[in-house]
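Coordinates as given in entry_11.pdb (PDB, C-alpha atoms):
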```
ATOM      1  CA  MET E  10       5.439 -14.759  24.969
ATOM      2  CA  ASN E  11       1.961 -16.158  24.597
ATOM      3  CA  THR E  12       0.576 -17.790  21.452
ATOM      4  CA  ALA E  13      -1.388 -14.705  20.411
ATOM      5  CA  GLU E  14       1.677 -12.472  20.549
ATOM      6  CA  SER E  15       3.778 -14.943  18.639
ATOM      7  CA  LEU E  16       1.093 -15.185  15.963
ATOM      8  CA  LEU E  17       0.972 -11.395  15.729
ATOM      9  CA  GLU E  18       4.732 -11.330  15.213
ATOM     10  CA  ASP E  19       4.662 -14.150  12.662
ATOM     11  CA  LYS E  20       2.205 -12.138  10.600
ATOM     12  CA  TYR E  21       4.830  -9.370  10.250
ATOM     13  CA  GLY E  22       7.676 -11.703   9.399
ATOM     14  CA  SER E  23       9.156 -12.018  12.907
ATOM     15  CA  THR E  24       9.650  -8.248  13.236
ATOM     16  CA  SER E  25       7.440  -5.807  15.045
ATOM     17  CA  HIS E  26       7.138  -3.498  12.012
ATOM     18  CA  PRO E  27       5.795  -4.558   8.627
ATOM     19  CA  GLU E  28       7.841  -1.928   6.809
ATOM     20  CA  GLN E  29      11.036  -3.308   8.324
ATOM     21  CA  ALA E  30      10.114  -6.717   7.007
ATOM     22  CA  ASN E  31       9.524  -5.266   3.536
ATOM     23  CA  GLN E  32      12.852  -3.459   3.593
ATOM     24  CA  GLY E  33      14.634  -6.628   4.547
ATOM     25  CA  LYS E  34      12.966  -8.255   1.538
ATOM     26  CA  ASN E  35      14.021  -5.344  -0.695
ATOM     27  CA  SER E  36      17.618  -5.575   0.427
ATOM     28  CA  VAL E  37      17.621  -9.262  -0.431
ATOM     29  CA  ASN E  38      16.072  -8.502  -3.813
ATOM     30  CA  ALA E  39      18.540  -5.665  -4.507
ATOM     31  CA  THR E  40      20.377  -6.496  -7.689
ATOM     32  CA  LYS E  41      24.005  -5.853  -8.483
ATOM     33  CA  LEU E  42      22.854  -3.084 -10.803
ATOM     34  CA  ASP E  43      21.153  -1.391  -7.848
ATOM     35  CA  SER E  44      24.410  -1.408  -5.904
ATOM     36  CA  VAL E  45      26.321   0.008  -8.869
ATOM     37  CA  ILE E  46      23.742   2.752  -9.446
ATOM     38  CA  PHE E  47      23.711   3.498  -5.734
ATOM     39  CA  LEU E  48      27.492   3.925  -5.694
ATOM     40  CA  LEU E  49      27.375   6.015  -8.873
ATOM     41  CA  SER E  50      24.759   8.337  -7.425
ATOM     42  CA  LEU E  51      26.921   8.907  -4.338
ATOM     43  CA  LEU E  52      29.966   9.612  -6.514
ATOM     44  CA  LEU E  53      27.873  11.888  -8.695
ATOM     45  CA  SER E  54      26.684  13.901  -5.707
ATOM     46  CA  VAL E  55      30.329  14.580  -4.749
ATOM     47  CA  SER E  56      31.203  15.381  -8.364
ATOM     48  CA  LEU E  57      28.201  17.729  -8.676
ATOM     49  CA  LEU E  58      29.247  19.686  -5.606
ATOM     50  CA  THR E  59      32.848  19.916  -6.848
ATOM     51  CA  THR E  60      31.717  21.102 -10.293
ATOM     52  CA  VAL E  61      29.473  23.793  -8.835
ATOM     53  CA  PHE E  62      32.372  25.046  -6.692
ATOM     54  CA  CYS E  63      34.498  25.257  -9.867
ATOM     55  CA  TRP E  64      31.618  26.998 -11.656
ATOM     56  CA  VAL E  65      31.174  29.785  -9.102
ATOM     57  CA  ASP E  66      34.944  30.268  -8.996
ATOM     58  CA  LEU E  67      35.045  31.405 -12.631
ATOM     59  CA  GLU E  68      35.520  35.087 -13.472
ATOM     60  CA  ASP E  69      32.165  35.381 -15.247
ATOM     61  CA  MET E  70      30.305  34.489 -12.048
ATOM     62  CA  GLY E  71      30.429  37.979 -10.536
ATOM     63  CA  GLY E  72      34.195  37.938 -10.266
ATOM     64  CA  GLY E  73      34.345  34.392  -8.897
ATOM     65  CA  GLY E  74      34.515  32.930  -5.404
ATOM     66  CA  LEU E  75      32.257  32.852  -2.389
ATOM     67  CA  SER E  76      31.845  35.946  -0.304
ATOM     68  CA  MET E  77      29.148  37.990   1.414
ATOM     69  CA  ASP E  78      30.240  41.091  -0.576
ATOM     70  CA  ALA E  79      27.828  42.601  -3.068
ATOM     71  CA  GLY E  80      28.125  40.873  -6.428
ATOM     72  CA  LYS E  81      29.679  37.683  -5.085
ATOM     73  CA  GLN E  82      26.945  36.932  -2.573
ATOM     74  CA  PHE E  83      24.821  35.402  -5.339
ATOM     75  CA  ASN E  84      27.373  32.574  -5.719
ATOM     76  CA  TRP E  85      26.228  31.114  -2.407
ATOM     77  CA  HIS E  86      22.863  30.388  -4.031
ATOM     78  CA  PRO E  87      23.951  27.648  -6.510
ATOM     79  CA  VAL E  88      26.386  26.159  -4.004
ATOM     80  CA  MET E  89      23.877  25.881  -1.170
ATOM     81  CA  MET E  90      21.087  24.663  -3.457
ATOM     82  CA  VAL E  91      23.280  21.909  -4.904
ATOM     83  CA  LEU E  92      24.426  20.977  -1.383
ATOM     84  CA  SER E  93      20.762  20.797  -0.387
ATOM     85  CA  PHE E  94      20.065  18.594  -3.433
ATOM     86  CA  ASP E  95      22.930  16.275  -2.418
ATOM     87  CA  LEU E  96      21.579  16.010   1.115
ATOM     88  CA  MET E  97      18.127  15.251  -0.281
ATOM     89  CA  THR E  98      19.668  12.431  -2.321
ATOM     90  CA  LEU E  99      21.226  11.052   0.860
ATOM     91  CA  ALA E 100      17.904  11.385   2.682
ATOM     92  CA  ILE E 101      15.948   9.606  -0.054
ATOM     93  CA  LEU E 102      18.487   6.782  -0.274
ATOM     94  CA  SER E 103      19.068   6.489   3.489
ATOM     95  CA  PHE E 104      16.743   3.478   3.724
ATOM     96  CA  LYS E 105      18.711   1.790   0.934
ATOM     97  CA  LEU E 106      22.197   2.650   2.222
ATOM     98  CA  PRO E 107      24.063  -0.679   2.577
ATOM     99  CA  LEU E 108      25.928   0.648   5.645
ATOM    100  CA  LEU E 109      22.659   1.315   7.446
ATOM    101  CA  GLN E 110      20.806  -1.819   6.305
ATOM    102  CA  SER E 111      21.969  -3.864   9.289
ATOM    103  CA  MET E 112      21.246  -1.074  11.750
ATOM    104  CA  ASP E 113      18.155  -0.443  13.783
ATOM    105  CA  ARG E 114      15.210   1.163  11.977
ATOM    106  CA  ARG E 115      15.333   4.117  14.370
ATOM    107  CA  ILE E 116      18.913   4.938  13.303
ATOM    108  CA  ARG E 117      17.920   4.827   9.626
ATOM    109  CA  LYS E 118      14.939   7.046  10.352
ATOM    110  CA  SER E 119      17.171   9.505  12.225
ATOM    111  CA  ALA E 120      19.638   9.596   9.305
ATOM    112  CA  HIS E 121      16.716  10.245   6.935
ATOM    113  CA  GLY E 122      15.253  13.012   9.108
ATOM    114  CA  LEU E 123      18.597  14.687   9.820
ATOM    115  CA  SER E 124      19.519  14.716   6.121
ATOM    116  CA  TRP E 125      16.206  16.393   5.258
ATOM    117  CA  PHE E 126      16.720  18.866   8.112
ATOM    118  CA  ALA E 127      20.223  19.757   6.879
ATOM    119  CA  ALA E 128      18.876  20.029   3.319
ATOM    120  CA  ILE E 129      16.190  22.473   4.407
ATOM    121  CA  GLY E 130      18.792  24.535   6.306
ATOM    122  CA  CYS E 131      20.996  24.761   3.201
ATOM    123  CA  ALA E 132      18.011  25.658   1.011
ATOM    124  CA  ILE E 133      17.002  28.497   3.383
ATOM    125  CA  PHE E 134      20.598  29.794   3.381
ATOM    126  CA  GLY E 135      20.642  29.688  -0.435
ATOM    127  CA  LEU E 136      17.326  31.536  -0.726
ATOM    128  CA  VAL E 137      18.389  34.243   1.731
ATOM    129  CA  ALA E 138      21.653  34.660  -0.202
ATOM    130  CA  VAL E 139      19.933  35.189  -3.551
ATOM    131  CA  TRP E 140      17.314  37.550  -2.059
ATOM    132  CA  GLN E 141      19.990  39.683  -0.354
ATOM    133  CA  SER E 142      22.154  39.707  -3.486
ATOM    134  CA  HIS E 143      19.203  41.146  -5.437
ATOM    135  CA  ASP E 144      18.643  43.804  -2.782
ATOM    136  CA  ASN E 145      22.326  44.604  -2.365
ATOM    137  CA  THR E 146      23.847  44.997  -5.817
ATOM    138  CA  GLY E 147      26.268  47.695  -4.707
ATOM    139  CA  ASN E 148      25.440  50.127  -7.538
ATOM    140  CA  GLY E 149      22.231  51.621  -6.151
ATOM    141  CA  THR E 150      19.901  49.577  -8.374
ATOM    142  CA  PHE E 151      17.884  46.536  -7.456
ATOM    143  CA  ILE E 152      17.159  43.246  -9.213
ATOM    144  CA  PRO E 153      13.539  42.015  -9.117
ATOM    145  CA  ASN E 154      13.076  38.921  -6.960
ATOM    146  CA  LEU E 155      10.276  36.775  -8.320
ATOM    147  CA  TYR E 156       9.840  37.363 -12.033
ATOM    148  CA  SER E 157      11.378  34.331 -13.759
ATOM    149  CA  PHE E 158       9.946  30.849 -14.273
ATOM    150  CA  HIS E 159      12.907  29.495 -12.264
ATOM    151  CA  SER E 160      11.946  31.633  -9.258
ATOM    152  CA  TRP E 161       8.264  30.658  -9.460
ATOM    153  CA  VAL E 162       9.006  26.942  -9.699
ATOM    154  CA  GLY E 163      11.652  27.350  -6.989
ATOM    155  CA  ILE E 164       9.291  29.016  -4.509
ATOM    156  CA  GLY E 165       6.588  26.430  -5.243
ATOM    157  CA  THR E 166       9.026  23.567  -4.732
ATOM    158  CA  PHE E 167      10.376  25.073  -1.539
ATOM    159  CA  SER E 168       6.851  25.474  -0.130
ATOM    160  CA  LEU E 169       6.132  21.845  -0.954
ATOM    161  CA  PHE E 170       9.461  20.891   0.590
ATOM    162  CA  LEU E 171       8.568  22.712   3.848
ATOM    163  CA  GLY E 172       5.111  21.123   3.940
ATOM    164  CA  GLN E 173       6.579  17.679   3.328
ATOM    165  CA  PHE E 174       9.175  18.214   6.054
ATOM    166  CA  VAL E 175       6.648  19.403   8.654
ATOM    167  CA  ALA E 176       4.141  16.649   7.799
ATOM    168  CA  GLY E 177       6.853  13.969   7.743
ATOM    169  CA  SER E 178       8.323  15.124  11.060
ATOM    170  CA  LEU E 179       4.929  15.141  12.775
ATOM    171  CA  LEU E 180       3.620  11.892  11.319
ATOM    172  CA  TYR E 181       6.750   9.747  11.371
ATOM    173  CA  GLY E 182       9.329  11.652  13.464
ATOM    174  CA  PHE E 183       7.042  12.345  16.433
ATOM    175  CA  GLN E 184       4.966   9.198  15.814
ATOM    176  CA  LEU E 185       1.658  10.986  15.338
ATOM    177  CA  GLY E 186       0.840   9.137  12.148
ATOM    178  CA  GLU E 187       0.724   5.629  10.823
ATOM    179  CA  ASP E 188       3.103   4.165  13.389
ATOM    180  CA  SER E 189       1.010   5.353  16.306
ATOM    181  CA  THR E 190      -2.140   4.115  14.570
ATOM    182  CA  ARG E 191      -0.449   0.741  14.195
ATOM    183  CA  LYS E 192       0.437   0.726  17.901
ATOM    184  CA  VAL E 193      -3.150   1.536  18.853
ATOM    185  CA  ARG E 194      -4.416  -1.151  16.482
ATOM    186  CA  LYS E 195      -1.996  -3.655  18.013
ATOM    187  CA  ARG E 196      -3.172  -2.712  21.510
ATOM    188  CA  LEU E 197      -6.791  -3.118  20.455
ATOM    189  CA  LYS E 198      -6.069  -6.437  18.808
ATOM    190  CA  ARG E 199      -4.562  -8.024  21.898
ATOM    191  CA  PRO E 200      -7.680  -8.240  24.075
ATOM    192  CA  MET E 201      -9.665  -9.447  21.078
ATOM    193  CA  ILE E 202      -7.186 -12.262  20.469
ATOM    194  CA  ASN E 203      -7.036 -13.118  24.167
ATOM    195  CA  SER E 204     -10.808 -13.254  24.336
ATOM    196  CA  SER E 205     -10.976 -15.557  21.330
ATOM    197  CA  ALA E 206     -12.700 -18.131  23.545
ATOM    198  CA  THR E 207     -15.856 -16.109  22.990
ATOM    199  CA  LYS E 208     -18.123 -16.702  20.037
ATOM    200  CA  GLU E 209     -17.073 -13.409  18.328
ATOM    201  CA  GLY E 210     -13.396 -14.152  18.768
ATOM    202  CA  ALA E 211     -13.806 -17.570  17.235
ATOM    203  CA  GLN E 212     -15.696 -16.187  14.272
ATOM    204  CA  LEU E 213     -13.088 -13.508  13.619
ATOM    205  CA  ASN E 214     -10.103 -15.780  13.801
ATOM    206  CA  PRO E 215     -11.134 -19.429  14.031
ATOM    207  CA  ILE E 216      -7.772 -20.890  13.002
ATOM    208  CA  GLN E 217      -5.963 -18.975  15.674
ATOM    209  CA  SER E 218      -8.392 -20.025  18.364
ATOM    210  CA  TYR E 219      -7.978 -23.668  17.363
ATOM    211  CA  LYS E 220      -4.239 -23.233  17.896
ATOM    212  CA  ARG E 221      -4.762 -22.245  21.510
ATOM    213  CA  PRO E 222      -4.129 -25.307  23.605
ATOM    214  CA  ASN E 223      -6.836 -24.886  26.245
ATOM    215  CA  ILE E 224      -9.770 -24.216  23.963
ATOM    216  CA  ASN E 225     -12.242 -26.863  23.047
ATOM    217  CA  PRO E 226     -13.780 -25.902  19.670
ATOM    218  CA  PRO E 227     -17.035 -27.888  19.986
ATOM    219  CA  SER E 228     -18.005 -25.769  22.973
ATOM    220  CA  TYR E 229     -18.701 -22.848  20.603
ATOM    221  CA  PHE E 230     -21.268 -24.867  18.711
ATOM    222  CA  CYS E 231     -22.951 -25.831  21.951
ATOM    223  CA  ARG E 232     -23.083 -22.181  22.981
ATOM    224  CA  ASN E 233     -24.485 -21.171  19.596
ATOM    225  CA  ARG E 234     -27.356 -23.580  19.927
ATOM    226  CA  ASN E 235     -28.264 -22.164  23.315
TER     227      ASN E 235
ATOM    228  CA  MET M  23       3.485   6.210   3.950
ATOM    229  CA  GLY M  24       2.666   6.017   0.242
ATOM    230  CA  ILE M  25       1.713   9.696   0.114
ATOM    231  CA  HIS M  26       4.838  10.660   2.052
ATOM    232  CA  LYS M  27       7.027   8.752  -0.412
ATOM    233  CA  PHE M  28       5.219  10.260  -3.397
ATOM    234  CA  PHE M  29       5.618  13.848  -2.178
ATOM    235  CA  GLY M  30       9.229  13.229  -1.129
ATOM    236  CA  SER M  31      10.079  12.042  -4.648
ATOM    237  CA  LEU M  32       8.060  14.892  -6.192
ATOM    238  CA  VAL M  33       9.954  17.494  -4.146
ATOM    239  CA  TYR M  34      13.248  15.863  -5.119
ATOM    240  CA  PHE M  35      12.552  15.852  -8.868
ATOM    241  CA  LEU M  36      11.094  19.380  -8.805
ATOM    242  CA  PHE M  37      14.217  20.513  -6.965
ATOM    243  CA  GLY M  38      16.373  18.957  -9.686
ATOM    244  CA  ALA M  39      14.264  20.634 -12.371
ATOM    245  CA  THR M  40      14.588  23.990 -10.576
ATOM    246  CA  ILE M  41      18.381  23.642 -10.510
ATOM    247  CA  MET M  42      18.353  23.090 -14.267
ATOM    248  CA  LEU M  43      16.045  26.071 -14.826
ATOM    249  CA  GLY M  44      18.352  28.192 -12.678
ATOM    250  CA  ILE M  45      21.375  27.241 -14.760
ATOM    251  CA  GLN M  46      19.433  28.121 -17.905
ATOM    252  CA  ASP M  47      18.505  31.482 -16.357
ATOM    253  CA  LYS M  48      22.080  32.283 -15.356
ATOM    254  CA  GLU M  49      23.455  31.310 -18.759
ATOM    255  CA  GLY M  50      20.945  33.711 -20.302
ATOM    256  CA  PHE M  51      22.350  36.562 -18.191
ATOM    257  CA  ILE M  52      25.933  35.647 -19.022
ATOM    258  CA  GLY M  53      25.028  35.459 -22.714
ATOM    259  CA  CYS M  54      26.198  31.982 -23.567
ATOM    260  CA  SER M  55      27.028  31.612 -27.260
ATOM    261  CA  TYR M  56      30.152  30.992 -29.345
ATOM    262  CA  ARG M  57      32.654  33.558 -28.119
ATOM    263  CA  ASP M  58      34.470  35.713 -30.713
ATOM    264  CA  VAL M  59      33.042  33.670 -33.571
ATOM    265  CA  THR M  60      30.776  35.025 -36.268
ATOM    266  CA  LEU M  61      29.253  32.200 -38.234
ATOM    267  CA  THR M  62      29.422  32.759 -41.968
ATOM    268  CA  GLU M  63      27.908  29.379 -42.790
ATOM    269  CA  LYS M  64      25.435  26.947 -41.236
ATOM    270  CA  ASP M  65      26.527  25.382 -37.955
ATOM    271  CA  SER M  66      26.226  21.817 -39.330
ATOM    272  CA  ASN M  67      28.923  20.363 -37.109
ATOM    273  CA  PRO M  68      28.468  22.053 -33.712
ATOM    274  CA  ILE M  69      31.044  19.828 -31.984
ATOM    275  CA  THR M  70      33.871  21.676 -33.775
ATOM    276  CA  HIS M  71      32.783  24.821 -31.924
ATOM    277  CA  PHE M  72      32.718  23.129 -28.515
ATOM    278  CA  PHE M  73      35.678  25.163 -27.251
ATOM    279  CA  ASP M  74      34.184  28.399 -28.602
ATOM    280  CA  ILE M  75      31.508  28.091 -25.927
ATOM    281  CA  PRO M  76      32.680  30.128 -22.908
ATOM    282  CA  ARG M  77      34.087  28.000 -20.085
ATOM    283  CA  VAL M  78      31.508  29.272 -17.594
ATOM    284  CA  CYS M  79      28.736  28.011 -19.892
ATOM    285  CA  ARG M  80      30.353  24.621 -20.458
ATOM    286  CA  VAL M  81      30.832  24.074 -16.721
ATOM    287  CA  GLY M  82      27.277  25.257 -16.073
ATOM    288  CA  ASN M  83      25.983  22.783 -18.665
ATOM    289  CA  PHE M  84      27.877  19.983 -16.943
ATOM    290  CA  VAL M  85      26.351  20.944 -13.581
ATOM    291  CA  GLY M  86      22.895  20.651 -15.141
ATOM    292  CA  LEU M  87      23.713  17.336 -16.825
ATOM    293  CA  GLN M  88      24.939  15.883 -13.556
ATOM    294  CA  ALA M  89      21.791  17.023 -11.736
ATOM    295  CA  ALA M  90      19.669  15.391 -14.456
ATOM    296  CA  LEU M  91      21.681  12.161 -14.246
ATOM    297  CA  MET M  92      21.320  12.103 -10.480
ATOM    298  CA  CYS M  93      17.537  12.409 -10.843
ATOM    299  CA  CYS M  94      17.618   9.430 -13.245
ATOM    300  CA  PHE M  95      19.643   7.326 -10.794
ATOM    301  CA  VAL M  96      17.389   8.141  -7.853
ATOM    302  CA  ALA M  97      14.293   7.401  -9.962
ATOM    303  CA  PHE M  98      15.799   4.014 -10.838
ATOM    304  CA  LEU M  99      16.646   3.192  -7.218
ATOM    305  CA  ASN M 100      13.208   4.278  -6.027
ATOM    306  CA  ARG M 101      11.318   2.250  -8.625
ATOM    307  CA  PRO M 102       8.511   0.073  -7.244
ATOM    308  CA  LYS M 103       9.790  -3.411  -6.501
ATOM    309  CA  GLN M 104       7.830  -6.647  -6.670
TER     310      GLN M 104
END
```
Would it be possible to restate this file's structure as structure tokens?
Amino acid sequence: MNTAESLLEDKYGSTSHPEQANQGKNSVNATKLDSVIFLLSLLLSVSLLTTVFCWVDLEDMGGGGLSMDAGKQFNWHPVMMVLSFDLMTLAILSFKLPLLQSMDRRIRKSAHGLSWFAAIGCAIFGLVAVWQSHDNTGNGTFIPNLYSFHSWVGIGTFSLFLGQFVAGSLLYGFQLGEDSTRKVRKRLKRPMINSSATKEGAQLNPIQSYKRPNINPPSYFCRNRN
Amino acid sequence: MGIHKFFGSLVYFLFGATIMLGIQDKEGFIGCSYRDVTLTEKDSNPITHFFDIPRVCRVGNFVGLQAALMCCFVAFLNRPKQ
């Protein structure tokens, strides 16, 4: 590894990715309260799913239970939406999960992406279930689909969710965004650092060029005068 | 990355809010109120009527409370750190 590369790595805290360095710092700064809240939120997500299963099992919820029959099909909607919400919680906290902290950044990113993907799958299932339950009441009448405030906010949120998922997948999953820009920037930086023996290189990063062993700083001044 | 994080959190909290709105909607259809109780005086101490609320409504309320609490926890964990 040459001096320029080592300096580039030192700038990012001995890792190739600045975000990884920041996360390492965050994990060090994580308080005990953070760990407790983290554990509580995981327990709560399990409890929430259990409670919603109990809820849809009650007689007043279209007879209770989960089924694709008319009347009971609606019950899939709360269950799948809460499951989606739980998966979203996992996705959001995947970069803070103590189990994954020691793992490679790519694994954490995959866990994050897969959780969002599963969440979107559950949300689509839940939306299809509620739509079909409105169209298939079993008594020859139909329930309107998008009339309540809940449905309007829900459709808006789901659209935002889809947009966020597509943009996130393209920019960070398939490396078309910031990461690739960083790679290009790094590639562009290298020749500039290596050519720091030139006047421009010295002006941009004089300290670094002084660190290079085979460079004689006074030669720049001589060249400037000429 | 900042925009991605912002929209991710926004989607999460809106999703939580939608769950709560949905519970409210469903409880409206069910007709959540004190079951088999006609109030002849002011409801000054509502806790005494807790078990007059139908079970489906109580459980639904707890689902909503848990979703709200989860949003609070995630907001705390995602707070900006120094």
Can you give me, as a PyMOL selection string, the residues this file yields under the PyMOL selection byres ((chain M and resi 27-29) around 12)?
-> (chain E and resi 100-102+104+166+168-174+176-177+181) or (chain M and resi 23-26+30-37+97+100-102)
Hey, what comes out of the PyMOL selection byres ((chain M) within 9 of (chain E)) on this file? Could you write it as number ranges by chain?
-> M: 23, 26-27, 29-34, 36-47, 52, 77-79, 81-82, 84-86, 88-89, 91-93, 95-96, 98-100, 103-104
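The coordinates place atom CA of Phe134 of chain E at 6.8 Å from atom CA of Met89 of chain E.
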A straight line from atom CA of Asn83 of chain M to atom CA of Glu49 of chain M spans 8.9 Å
Separation of atom CA of Leu92 of chain E from atom CA of Gln110 of chain E in Å |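 Answer for the atom CA of Gln110 of chain E to atom CA of Leu92 of chain E separation: 24.3 Å.
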Using only C-alpha atoms, give me every residue within 8 Å of (22.4, 39.9, -4.0) in file coordinates, as number ranges by chain.
-> E: 79-83, 138-146
